[in-house]
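Raw contents of structure_5.tsv, TSV, C-alpha atoms and all ligand atoms:
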chain	number	residue	atom	x	y	z
A	1	MET	CA	149.53	22.38	149.01
A	2	GLU	CA	146.38	24.48	149.29
A	3	THR	CA	146.79	28.00	150.63
A	4	GLU	CA	144.12	29.19	152.98
A	5	THR	CA	142.29	32.40	152.08
A	6	GLN	CA	142.33	34.70	155.06
A	7	PRO	CA	139.30	36.92	155.83
A	8	ASP	CA	141.46	40.01	155.23
A	9	ASP	CA	142.39	38.74	151.75
A	10	VAL	CA	138.71	38.12	150.99
A	11	GLY	CA	137.84	41.66	152.11
A	12	GLU	CA	140.61	43.08	149.94
A	13	ALA	CA	139.52	40.98	146.95
A	14	ILE	CA	135.91	42.14	147.38
A	15	ARG	CA	136.99	45.79	147.57
A	16	ALA	CA	139.12	45.37	144.44
A	17	PHE	CA	136.23	43.74	142.62
A	18	ILE	CA	133.79	46.49	143.69
A	19	LYS	CA	136.29	49.02	142.37
A	20	ARG	CA	136.36	47.18	139.04
A	21	VAL	CA	132.55	47.31	138.90
A	22	PHE	CA	132.43	51.02	139.76
A	23	ASP	CA	135.17	51.85	137.24
A	24	ASN	CA	132.55	50.92	134.64
A	25	LEU	CA	130.04	53.30	136.19
A	26	SER	CA	132.73	55.96	136.17
A	27	GLY	CA	133.26	55.39	132.42
A	28	LEU	CA	129.53	55.62	131.87
A	29	THR	CA	129.06	58.91	133.74
A	30	VAL	CA	132.14	60.48	132.12
A	31	SER	CA	130.70	59.38	128.76
A	32	GLY	CA	127.51	61.25	129.63
A	33	MET	CA	129.61	64.33	130.37
A	34	ILE	CA	131.41	63.95	127.01
A	35	TYR	CA	127.97	63.89	125.38
A	36	LEU	CA	127.07	67.16	127.15
A	37	GLY	CA	130.45	68.75	126.41
A	38	HIS	CA	129.98	68.03	122.71
A	39	GLU	CA	126.30	68.98	122.51
A	40	LEU	CA	126.76	72.20	124.49
A	41	GLY	CA	129.87	73.28	122.59
A	42	LEU	CA	132.00	73.31	125.74
A	43	TYR	CA	134.99	71.62	124.11
A	44	ARG	CA	134.81	74.09	121.23
A	45	THR	CA	134.79	76.97	123.73
A	46	LEU	CA	137.91	75.59	125.40
A	47	GLN	CA	139.74	74.87	122.14
A	48	ASP	CA	142.76	77.18	121.63
A	49	ALA	CA	141.55	79.39	124.48
A	50	GLY	CA	144.32	78.76	127.02
A	51	PRO	CA	143.47	78.38	130.73
A	52	LEU	CA	139.91	79.57	131.42
A	53	THR	CA	137.90	79.92	134.63
A	54	SER	CA	134.45	78.41	134.89
A	55	ALA	CA	133.00	81.93	134.73
A	56	GLU	CA	134.83	82.58	131.44
A	57	VAL	CA	133.76	79.24	129.94
A	58	ALA	CA	130.17	79.86	131.07
A	59	GLN	CA	130.13	83.38	129.67
A	60	ARG	CA	131.62	82.33	126.32
A	61	SER	CA	129.18	79.40	126.03
A	62	GLY	CA	126.11	81.26	127.28
A	63	LEU	CA	125.62	78.77	130.11
A	64	HIS	CA	125.22	78.83	133.92
A	65	GLU	CA	128.54	79.05	135.75
A	66	ARG	CA	127.73	76.61	138.55
A	67	TRP	CA	126.84	73.83	136.13
A	68	VAL	CA	129.89	74.53	133.98
A	69	ARG	CA	132.15	74.50	137.05
A	70	GLU	CA	130.94	71.02	138.03
A	71	TRP	CA	131.44	69.77	134.47
A	72	LEU	CA	134.95	71.24	134.25
A	73	ARG	CA	135.97	69.70	137.56
A	74	GLY	CA	134.69	66.29	136.50
A	75	GLN	CA	136.49	66.50	133.15
A	76	ALA	CA	139.75	67.38	134.91
A	77	ALA	CA	139.24	64.50	137.36
A	78	ALA	CA	138.73	62.18	134.37
A	79	GLY	CA	141.99	63.41	132.79
A	80	LEU	CA	140.27	64.88	129.73
A	81	LEU	CA	141.01	68.49	130.68
A	82	GLU	CA	144.04	69.78	132.59
A	83	TYR	CA	143.63	71.79	135.75
A	84	ALA	CA	146.00	74.77	135.57
A	85	GLY	CA	145.44	75.91	139.18
A	86	ASP	CA	143.65	79.09	140.29
A	87	GLY	CA	140.32	77.71	139.14
A	88	ARG	CA	141.48	77.57	135.49
A	89	PHE	CA	141.04	74.69	133.04
A	90	VAL	CA	142.82	73.92	129.74
A	91	LEU	CA	141.93	71.67	126.83
A	92	PRO	CA	145.36	70.45	125.64
A	93	PRO	CA	145.97	70.35	121.84
A	94	ILE	CA	145.77	66.54	121.57
A	95	ALA	CA	142.48	66.52	123.52
A	96	ALA	CA	141.18	69.26	121.23
A	97	LEU	CA	141.85	67.08	118.15
A	98	VAL	CA	139.84	64.26	119.70
A	99	LEU	CA	137.05	66.21	121.41
A	100	ALA	CA	136.67	69.66	119.81
A	101	ASN	CA	137.66	69.65	116.15
A	102	PRO	CA	135.27	67.85	113.75
A	103	GLN	CA	137.73	68.45	110.88
A	104	SER	CA	140.30	66.22	112.59
A	105	PRO	CA	140.44	62.51	111.58
A	106	ALA	CA	140.93	61.76	115.30
A	107	PHE	CA	137.66	63.48	116.33
A	108	VAL	CA	135.44	61.09	118.33
A	109	ALA	CA	133.16	63.30	120.45
A	110	GLY	CA	130.36	63.01	117.85
A	111	SER	CA	130.23	59.26	118.55
A	112	PHE	CA	128.63	60.07	121.89
A	113	ALA	CA	125.60	61.76	120.26
A	114	GLY	CA	123.55	58.55	120.26
A	115	LEU	CA	124.40	57.55	123.83
A	116	PRO	CA	121.15	58.66	125.57
A	117	GLN	CA	119.00	56.76	123.06
A	118	GLN	CA	121.23	53.70	123.29
A	119	PHE	CA	120.57	53.54	127.01
A	120	ASN	CA	116.93	54.46	126.56
A	121	VAL	CA	116.29	51.13	124.81
A	122	LEU	CA	117.73	49.06	127.68
A	123	PRO	CA	114.30	48.28	129.19
A	124	ARG	CA	113.10	47.06	125.78
A	125	LEU	CA	116.15	44.82	125.48
A	126	ARG	CA	114.97	42.85	128.51
A	127	GLU	CA	112.22	41.61	126.21
A	128	SER	CA	114.75	40.89	123.44
A	129	PHE	CA	116.70	38.59	125.76
A	130	ALA	CA	113.45	36.70	126.35
A	131	THR	CA	112.08	36.59	122.77
A	132	GLY	CA	115.35	36.59	120.81
A	133	ILE	CA	114.11	39.46	118.61
A	134	GLY	CA	116.11	42.70	118.71
A	135	LEU	CA	115.48	46.29	117.64
A	136	PRO	CA	116.29	47.91	114.29
A	137	TYR	CA	118.41	51.05	114.13
A	138	ASP	CA	115.30	53.22	113.92
A	139	ALA	CA	114.40	52.24	117.51
A	140	LEU	CA	117.28	54.56	118.50
A	141	GLY	CA	115.48	57.55	116.93
A	142	PRO	CA	117.12	60.33	114.90
A	143	GLU	CA	119.82	60.64	117.59
A	144	GLY	CA	120.84	57.03	116.89
A	145	ALA	CA	121.51	57.85	113.23
A	146	CYS	CA	123.51	60.95	114.30
A	147	GLY	CA	125.54	58.90	116.79
A	148	VAL	CA	126.45	56.39	114.09
A	149	GLU	CA	127.38	59.27	111.79
A	150	GLY	CA	129.60	60.67	114.54
A	151	MET	CA	131.66	57.49	114.59
A	152	LEU	CA	132.75	57.28	110.96
A	153	ALA	CA	132.05	60.72	109.47
A	154	PRO	CA	135.46	62.19	110.50
A	155	TRP	CA	137.16	59.39	108.53
A	156	PHE	CA	134.81	59.89	105.57
A	157	ARG	CA	135.45	63.65	105.57
A	158	THR	CA	139.23	63.53	105.93
A	159	LEU	CA	140.67	60.23	104.65
A	160	LEU	CA	138.23	58.31	102.45
A	161	VAL	CA	138.70	60.35	99.26
A	162	PRO	CA	142.34	61.54	99.52
A	163	VAL	CA	143.90	58.48	101.17
A	164	ALA	CA	141.77	55.34	100.89
A	165	LEU	CA	140.27	55.46	97.37
A	166	PRO	CA	143.60	56.07	95.55
A	167	ARG	CA	144.95	52.88	97.13
A	168	LEU	CA	142.25	50.73	95.55
A	169	ASP	CA	143.43	49.44	92.15
A	170	GLY	CA	141.79	51.26	89.23
A	171	VAL	CA	138.89	52.72	91.23
A	172	THR	CA	139.72	56.44	91.04
A	173	ALA	CA	140.34	56.25	87.25
A	174	LYS	CA	136.82	54.87	86.78
A	175	LEU	CA	135.32	57.48	89.11
A	176	GLU	CA	137.10	60.30	87.28
A	177	ALA	CA	135.88	59.02	83.92
A	178	GLY	CA	132.31	58.61	85.20
A	179	GLY	CA	131.33	55.42	86.99
A	180	THR	CA	128.32	54.13	88.89
A	181	VAL	CA	128.70	53.60	92.62
A	182	ALA	CA	126.56	52.10	95.40
A	183	ASP	CA	126.99	52.45	99.15
A	184	ILE	CA	125.16	49.67	100.99
A	185	GLY	CA	123.84	50.56	104.46
A	186	CYS	CA	124.80	54.15	103.67
A	187	GLY	CA	123.51	55.61	106.95
A	188	THR	CA	123.24	59.40	106.74
A	189	GLY	CA	125.12	59.48	103.43
A	190	VAL	CA	128.29	61.30	104.49
A	191	ALA	CA	130.64	58.89	102.67
A	192	LEU	CA	128.58	59.00	99.50
A	193	ILE	CA	128.35	62.79	99.47
A	194	GLU	CA	132.12	63.13	100.01
A	195	MET	CA	132.76	60.82	97.04
A	196	ALA	CA	130.12	62.57	94.91
A	197	LYS	CA	131.73	65.98	95.53
A	198	ALA	CA	135.14	64.61	94.50
A	199	TYR	CA	133.91	62.80	91.38
A	200	PRO	CA	131.19	64.88	89.69
A	201	ARG	CA	131.17	62.70	86.53
A	202	SER	CA	130.12	59.62	88.52
A	203	GLN	CA	126.66	58.70	89.85
A	204	PHE	CA	126.30	57.63	93.49
A	205	HIS	CA	123.48	55.56	95.01
A	206	GLY	CA	122.90	54.95	98.72
A	207	TYR	CA	120.82	52.00	99.98
A	208	GLU	CA	119.49	52.15	103.53
A	209	ILE	CA	116.58	50.80	105.57
A	210	SER	CA	116.57	53.40	108.38
A	211	GLU	CA	114.04	56.20	107.89
A	212	HIS	CA	115.92	58.44	110.31
A	213	ALA	CA	119.21	57.91	108.46
A	214	LEU	CA	117.55	58.52	105.07
A	215	ALA	CA	115.93	61.75	106.33
A	216	GLN	CA	119.29	63.02	107.59
A	217	ALA	CA	120.96	61.94	104.32
A	218	ALA	CA	118.44	64.06	102.37
A	219	ARG	CA	119.26	67.08	104.57
A	220	HIS	CA	123.00	66.56	104.08
A	221	GLN	CA	122.50	66.29	100.33
A	222	GLN	CA	120.54	69.53	100.25
A	223	ASN	CA	123.20	71.35	102.27
A	224	ALA	CA	126.01	69.99	100.08
A	225	GLN	CA	124.11	70.82	96.85
A	226	VAL	CA	125.27	67.64	95.11
A	227	ALA	CA	123.14	66.48	92.20
A	228	ASN	CA	124.91	63.18	91.44
A	229	VAL	CA	123.63	61.34	94.56
A	230	ALA	CA	120.40	59.40	95.02
A	231	PHE	CA	119.27	57.67	98.19
A	232	HIS	CA	117.05	54.60	98.09
A	233	ASP	CA	114.97	52.90	100.74
A	234	ALA	CA	116.31	49.37	100.25
A	235	ARG	CA	113.02	47.89	101.50
A	236	THR	CA	111.07	49.26	98.54
A	237	GLU	CA	113.90	49.91	96.05
A	238	PRO	CA	116.37	47.04	96.40
A	239	LEU	CA	119.74	46.86	94.65
A	240	PRO	CA	119.30	46.40	90.89
A	241	ALA	CA	120.40	42.95	89.70
A	242	ASP	CA	121.73	44.13	86.33
A	243	GLY	CA	125.49	44.34	86.88
A	244	ARG	CA	125.65	48.15	86.67
A	245	PHE	CA	127.98	49.17	89.51
A	246	ASP	CA	131.70	49.83	89.01
A	247	PHE	CA	132.34	50.36	92.68
A	248	VAL	CA	130.41	49.33	95.81
A	249	THR	CA	131.11	50.27	99.41
A	250	ALA	CA	129.77	48.95	102.72
A	251	PHE	CA	130.93	50.78	105.84
A	252	ASP	CA	130.41	49.09	109.20
A	253	CYS	CA	127.06	47.60	108.32
A	254	LEU	CA	127.27	43.96	107.21
A	255	HIS	CA	127.53	42.74	110.81
A	256	ASP	CA	124.33	44.73	111.61
A	257	MET	CA	122.21	43.15	108.88
A	258	THR	CA	119.58	40.52	109.52
A	259	HIS	CA	120.38	38.77	106.22
A	260	PRO	CA	123.95	39.68	105.22
A	261	ALA	CA	124.43	36.60	103.00
A	262	GLU	CA	121.41	37.62	100.93
A	263	VAL	CA	122.67	41.21	100.67
A	264	MET	CA	126.10	39.96	99.56
A	265	ARG	CA	124.55	37.89	96.78
A	266	ALA	CA	122.54	40.97	95.73
A	267	VAL	CA	125.75	43.05	95.69
A	268	ARG	CA	127.40	40.43	93.47
A	269	ARG	CA	124.46	40.59	91.00
A	270	SER	CA	124.55	44.39	91.00
A	271	MET	CA	128.24	44.66	90.08
A	272	LYS	CA	130.08	44.75	86.77
A	273	PRO	CA	132.43	41.77	86.23
A	274	ASP	CA	135.44	44.09	86.71
A	275	GLY	CA	133.88	45.96	89.64
A	276	THR	CA	135.35	46.50	93.10
A	277	TRP	CA	133.67	46.18	96.49
A	278	LEU	CA	135.25	47.95	99.48
A	279	ILE	CA	134.04	46.43	102.75
A	280	VAL	CA	134.97	48.29	105.93
A	281	ASP	CA	134.00	46.44	109.08
A	282	ILE	CA	135.06	45.97	112.68
A	283	ASN	CA	138.56	44.57	113.08
A	284	ALA	CA	137.30	41.50	114.93
A	285	LYS	CA	139.54	38.60	115.89
A	286	PRO	CA	138.48	35.19	114.55
A	287	SER	CA	137.36	33.74	117.90
A	288	PHE	CA	135.95	34.88	121.23
A	289	GLU	CA	139.13	33.60	122.94
A	290	GLU	CA	141.30	35.88	120.77
A	291	ASN	CA	139.01	38.87	121.27
A	292	LEU	CA	139.14	38.24	125.00
A	293	ALA	CA	142.93	38.02	125.05
A	294	ARG	CA	143.94	40.57	122.42
A	295	ASN	CA	141.17	43.10	121.86
A	296	PRO	CA	141.40	45.85	124.50
A	297	MET	CA	138.03	47.22	123.34
A	298	ALA	CA	136.22	43.88	123.53
A	299	ALA	CA	134.12	44.74	126.61
A	300	MET	CA	132.89	47.98	125.06
A	301	MET	CA	132.24	46.28	121.72
A	302	TYR	CA	130.22	43.42	123.22
A	303	GLY	CA	128.22	46.10	125.06
A	304	PHE	CA	127.59	48.05	121.84
A	305	SER	CA	126.66	44.79	120.21
A	306	VAL	CA	123.81	44.17	122.67
A	307	LEU	CA	122.73	47.83	122.52
A	308	THR	CA	122.79	48.15	118.71
A	309	CYS	CA	124.63	45.75	116.39
A	310	LEU	CA	123.47	42.34	117.60
A	311	SER	CA	120.07	43.86	118.31
A	312	SER	CA	119.78	45.14	114.73
A	313	SER	CA	121.04	41.87	113.22
A	314	LEU	CA	118.40	39.95	115.17
A	315	SER	CA	115.61	42.46	114.57
A	316	GLN	CA	113.75	40.02	112.31
A	317	PRO	CA	113.05	36.34	112.90
A	318	GLY	CA	115.85	34.26	111.37
A	319	GLY	CA	118.36	37.11	111.65
A	320	ALA	CA	122.02	36.10	111.23
A	321	GLY	CA	122.99	37.69	114.56
A	322	LEU	CA	126.62	38.39	113.65
A	323	GLY	CA	126.95	41.36	116.03
A	324	THR	CA	129.80	43.84	116.48
A	325	LEU	CA	132.59	41.25	116.66
A	326	GLY	CA	131.00	38.62	114.43
A	327	PHE	CA	132.41	39.63	111.04
A	328	SER	CA	136.10	38.74	111.28
A	329	GLU	CA	138.34	38.49	108.22
A	330	GLN	CA	137.76	34.74	108.13
A	331	VAL	CA	133.97	35.18	108.16
A	332	ALA	CA	134.27	37.93	105.52
A	333	ARG	CA	136.35	35.64	103.28
A	334	GLU	CA	133.92	32.73	103.64
A	335	MET	CA	130.76	34.79	103.16
A	336	THR	CA	132.01	36.76	100.15
A	337	ALA	CA	133.23	33.53	98.50
A	338	ALA	CA	129.83	31.94	99.11
A	339	ALA	CA	128.21	34.99	97.47
A	340	GLY	CA	130.26	34.46	94.29
A	341	PHE	CA	133.28	36.72	94.79
A	342	THR	CA	136.59	35.16	93.81
A	343	ARG	CA	139.20	37.72	94.93
A	344	PHE	CA	139.74	39.06	98.44
A	345	THR	CA	142.50	41.41	99.67
A	346	ARG	CA	142.97	43.03	103.05
A	347	HIS	CA	144.25	46.63	103.21
A	348	GLU	CA	145.62	48.48	106.23
A	349	PHE	CA	144.77	52.13	106.89
A	350	ASP	CA	146.25	52.46	110.38
A	351	ASN	CA	142.90	52.07	112.13
A	352	PRO	CA	142.69	49.92	115.28
A	353	VAL	CA	138.89	49.66	115.10
A	354	ASN	CA	138.18	48.85	111.46
A	355	ALA	CA	139.46	46.36	108.90
A	356	TYR	CA	139.42	47.07	105.13
A	357	TYR	CA	138.66	44.33	102.61
A	358	VAL	CA	138.64	44.70	98.84
A	359	VAL	CA	136.52	42.08	97.13
A	360	ARG	CA	136.06	41.43	93.42
A	361	PRO	CA	133.89	39.07	91.34
A	401	LIG	C1	126.48	51.14	111.87
A	401	LIG	S1	125.44	51.80	110.68
A	401	LIG	C2	126.59	52.39	109.45
A	401	LIG	C3	126.03	53.46	108.59
A	401	LIG	C4	127.02	54.09	107.62
A	401	LIG	N1	127.54	53.13	106.67
A	401	LIG	C5	128.14	54.77	108.37
A	401	LIG	O1	129.23	54.19	108.42
A	401	LIG	O2	127.92	55.85	108.94
A	401	LIG	C6	124.71	50.39	109.90
A	401	LIG	C7	123.59	50.77	108.95
A	401	LIG	O3	123.18	49.63	108.21
A	401	LIG	C8	121.80	49.78	107.92
A	401	LIG	N2	121.24	48.49	107.46
A	401	LIG	C9	120.99	47.39	108.19
A	401	LIG	N3	120.48	46.42	107.40
A	401	LIG	C10	120.43	46.94	106.14
A	401	LIG	C11	120.02	46.42	104.87
A	401	LIG	N4	119.55	45.18	104.74
A	401	LIG	N5	120.12	47.22	103.79
A	401	LIG	C12	120.59	48.49	103.90
A	401	LIG	N6	120.99	49.04	105.08
A	401	LIG	C13	120.92	48.26	106.17
A	401	LIG	C14	121.26	50.29	109.25
A	401	LIG	O4	119.98	50.88	109.11
A	401	LIG	C15	122.34	51.28	109.66
A	401	LIG	O5	122.06	52.59	109.23

When written as structure tokens, how does the structure in this file appear?
Amino acid sequence: METETQPDDVGEAIRAFIKRVFDNLSGLTVSGMIYLGHELGLYRTLQDAGPLTSAEVAQRSGLHERWVREWLRGQAAAGLLEYAGDGRFVLPPIAALVLANPQSPAFVAGSFAGLPQQFNVLPRLRESFATGIGLPYDALGPEGACGVEGMLAPWFRTLLVPVALPRLDGVTAKLEAGGTVADIGCGTGVALIEMAKAYPRSQFHGYEISEHALAQAARHQQNAQVANVAFHDARTEPLPADGRFDFVTAFDCLHDMTHPAEVMRAVRRSMKPDGTWLIVDINAKPSFEENLARNPMAAMMYGFSVLTCLSSSLSQPGGAGLGTLGFSEQVAREMTAAAGFTRFTRHEFDNPVNAYYVVRP
């Protein structure tokens, strides 16, 4: 028997749906405030400081009190800061690990650095929907490269060398003895520089097509004073096809590439027969239905895909168009096998966002 929908129910359903729509706008504006809190050093000011008034936060940050007060109130309303009463605000220790401390593996505030540029390209994406051709990473400007760095750099700086590499069979022994390493889609080079500092007898090569990322990588290298790293513009200096690399890495980039199958074949040609390839990519479920049902971050990831990953992977005609959630374990297994790799193992490093695959010839 059909139940009739009463006008009151319809009104309630519309109000609930409008709330769902505006919850997204709320997330967006709070994200903008996280960007400002990170860029202006407000979280750092609040870290370990106990309850502070807006005047104290403003004075310690060298900013205008009225603006800081509005920001603090919004952050408390969003549940990111605690309101201690009497006009005082606290950044609790857990929030400080996530928002204030770049040395913490849980730090994510740096991921918001690219947000303004990501939204800046929205008008250009209208054209992409019509033509099918997206924008490369460099369309996001230098801030785009910094935003990408903000996402994975905390993991590179805290866990890659001490936790992840020792769990890969035989890799650290080769790096200690003096091996040759390539990082494909190396971004701003943080992973490579961390590995180069830990293994001075090895030589490290980064391959990247983003001018902004390469410029930032050169600055990082100069600051770190590491001599055993070289960065290459992959458009003019592609991977050598002479089987020289002992170890290859690819962090969160295969799904962004216009021609990942071609790059995988090039990686295979560049590696020694006993070499190891560590692929870190988004922990995507094998189908849209599973992502819809079981990936709580799916909406955000499909959004990022349109803003950056899918856009980058379609930035040339004939692009593969994998996108943020397009490189599941199944796809990784099939594509690496097609590129000539015969062994594939999945590792777990307690990370809900990324999956870790070790691939060998
Ligand atoms: C999401 S970023 C990851 C960067 C870095 N691996 C990290 O984790 O910080 C993806 C990178 O892949 C690069 N990329 C895309 N296609 C490439 C290609 N064919 N060769 C080298 N790099 C590529 C992009 O320019 C971008 O910097």

Quick one: residues within 10 Å of Gly141 of chain A, all atoms listed in the file counted, chain neighbours fewer than 3 positions away excluded, as a list in words?
-> Gly114, Gln117, Gln118, Tyr137, Asp138, Gly144, Ala145, Cys146, Ser210, Glu211, His212 and Ala213 of chain A

Mind listing the residues within 6 Å of ligand LIG 401 (chain A), all atoms listed in the file counted, as a list in words?
->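 My answer, listing the contacting residues, is Tyr137, Val148, Glu149, Leu152, Ile184, Gly185, Cys186, Gly187, Tyr207, Glu208, Ile209, Ser210, Ala234, Phe251, Asp252, Cys253, Asp256 and Met257 of chain A.
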
Go ahead and write the selection's residues with C-alpha atoms as a PDB file, keeping the file's coordinate frame.
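Contents of result.pdb, as written:
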ATOM      1  CA  TYR A 137     118.410  51.050 114.130  1.00  0.00           C
ATOM      2  CA  VAL A 148     126.450  56.390 114.090  1.00  0.00           C
ATOM      3  CA  GLU A 149     127.380  59.270 111.790  1.00  0.00           C
ATOM      4  CA  LEU A 152     132.750  57.280 110.960  1.00  0.00           C
ATOM      5  CA  ILE A 184     125.160  49.670 100.990  1.00  0.00           C
ATOM      6  CA  GLY A 185     123.840  50.560 104.460  1.00  0.00           C
ATOM      7  CA  CYS A 186     124.800  54.150 103.670  1.00  0.00           C
ATOM      8  CA  GLY A 187     123.510  55.610 106.950  1.00  0.00           C
ATOM      9  CA  TYR A 207     120.820  52.000  99.980  1.00  0.00           C
ATOM     10  CA  GLU A 208     119.490  52.150 103.530  1.00  0.00           C
ATOM     11  CA  ILE A 209     116.580  50.800 105.570  1.00  0.00           C
ATOM     12  CA  SER A 210     116.570  53.400 108.380  1.00  0.00           C
ATOM     13  CA  ALA A 234     116.310  49.370 100.250  1.00  0.00           C
ATOM     14  CA  PHE A 251     130.930  50.780 105.840  1.00  0.00           C
ATOM     15  CA  ASP A 252     130.410  49.090 109.200  1.00  0.00           C
ATOM     16  CA  CYS A 253     127.060  47.600 108.320  1.00  0.00           C
ATOM     17  CA  ASP A 256     124.330  44.730 111.610  1.00  0.00           C
ATOM     18  CA  MET A 257     122.210  43.150 108.880  1.00  0.00           C
TER      19      MET A 257
END

Which value, in Å to one decimal, gives the distance between atom CA of Val68 of chain A and atom CA of Met33 of chain A?
->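 Atom CA of Met33 of chain A lies 10.8 Å from atom CA of Val68 of chain A.
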
Choose the residue, out of A:Ala332, A:Val306, A:Leu254, A:Ala337, that has the smallest atom-to-atom separation from Leu125 of chain A; count only C-alpha atoms.
-> A:Val306

Output, as AutoDock Vina command-line options, the centre and edge lengths in Å (one decimal) of the axis-aligned box that contains all listed atoms of segment 275-289 of chain A with 8 Å of margin on each side.
--center_x 136.6 --center_y 40.9 --center_z 106.3 --size_x 21.9 --size_y 30.7 --size_z 49.3

Name the residues in contact with segment 259-271 of chain A at a cut-off of 7 Å, using only C-alpha atoms, excluding same-chain residues fewer than 2 positions from it; report them as a ChimeraX atom specification.
-> /A:239-246,254,257,273,275,319-320,335-336,339-340,361
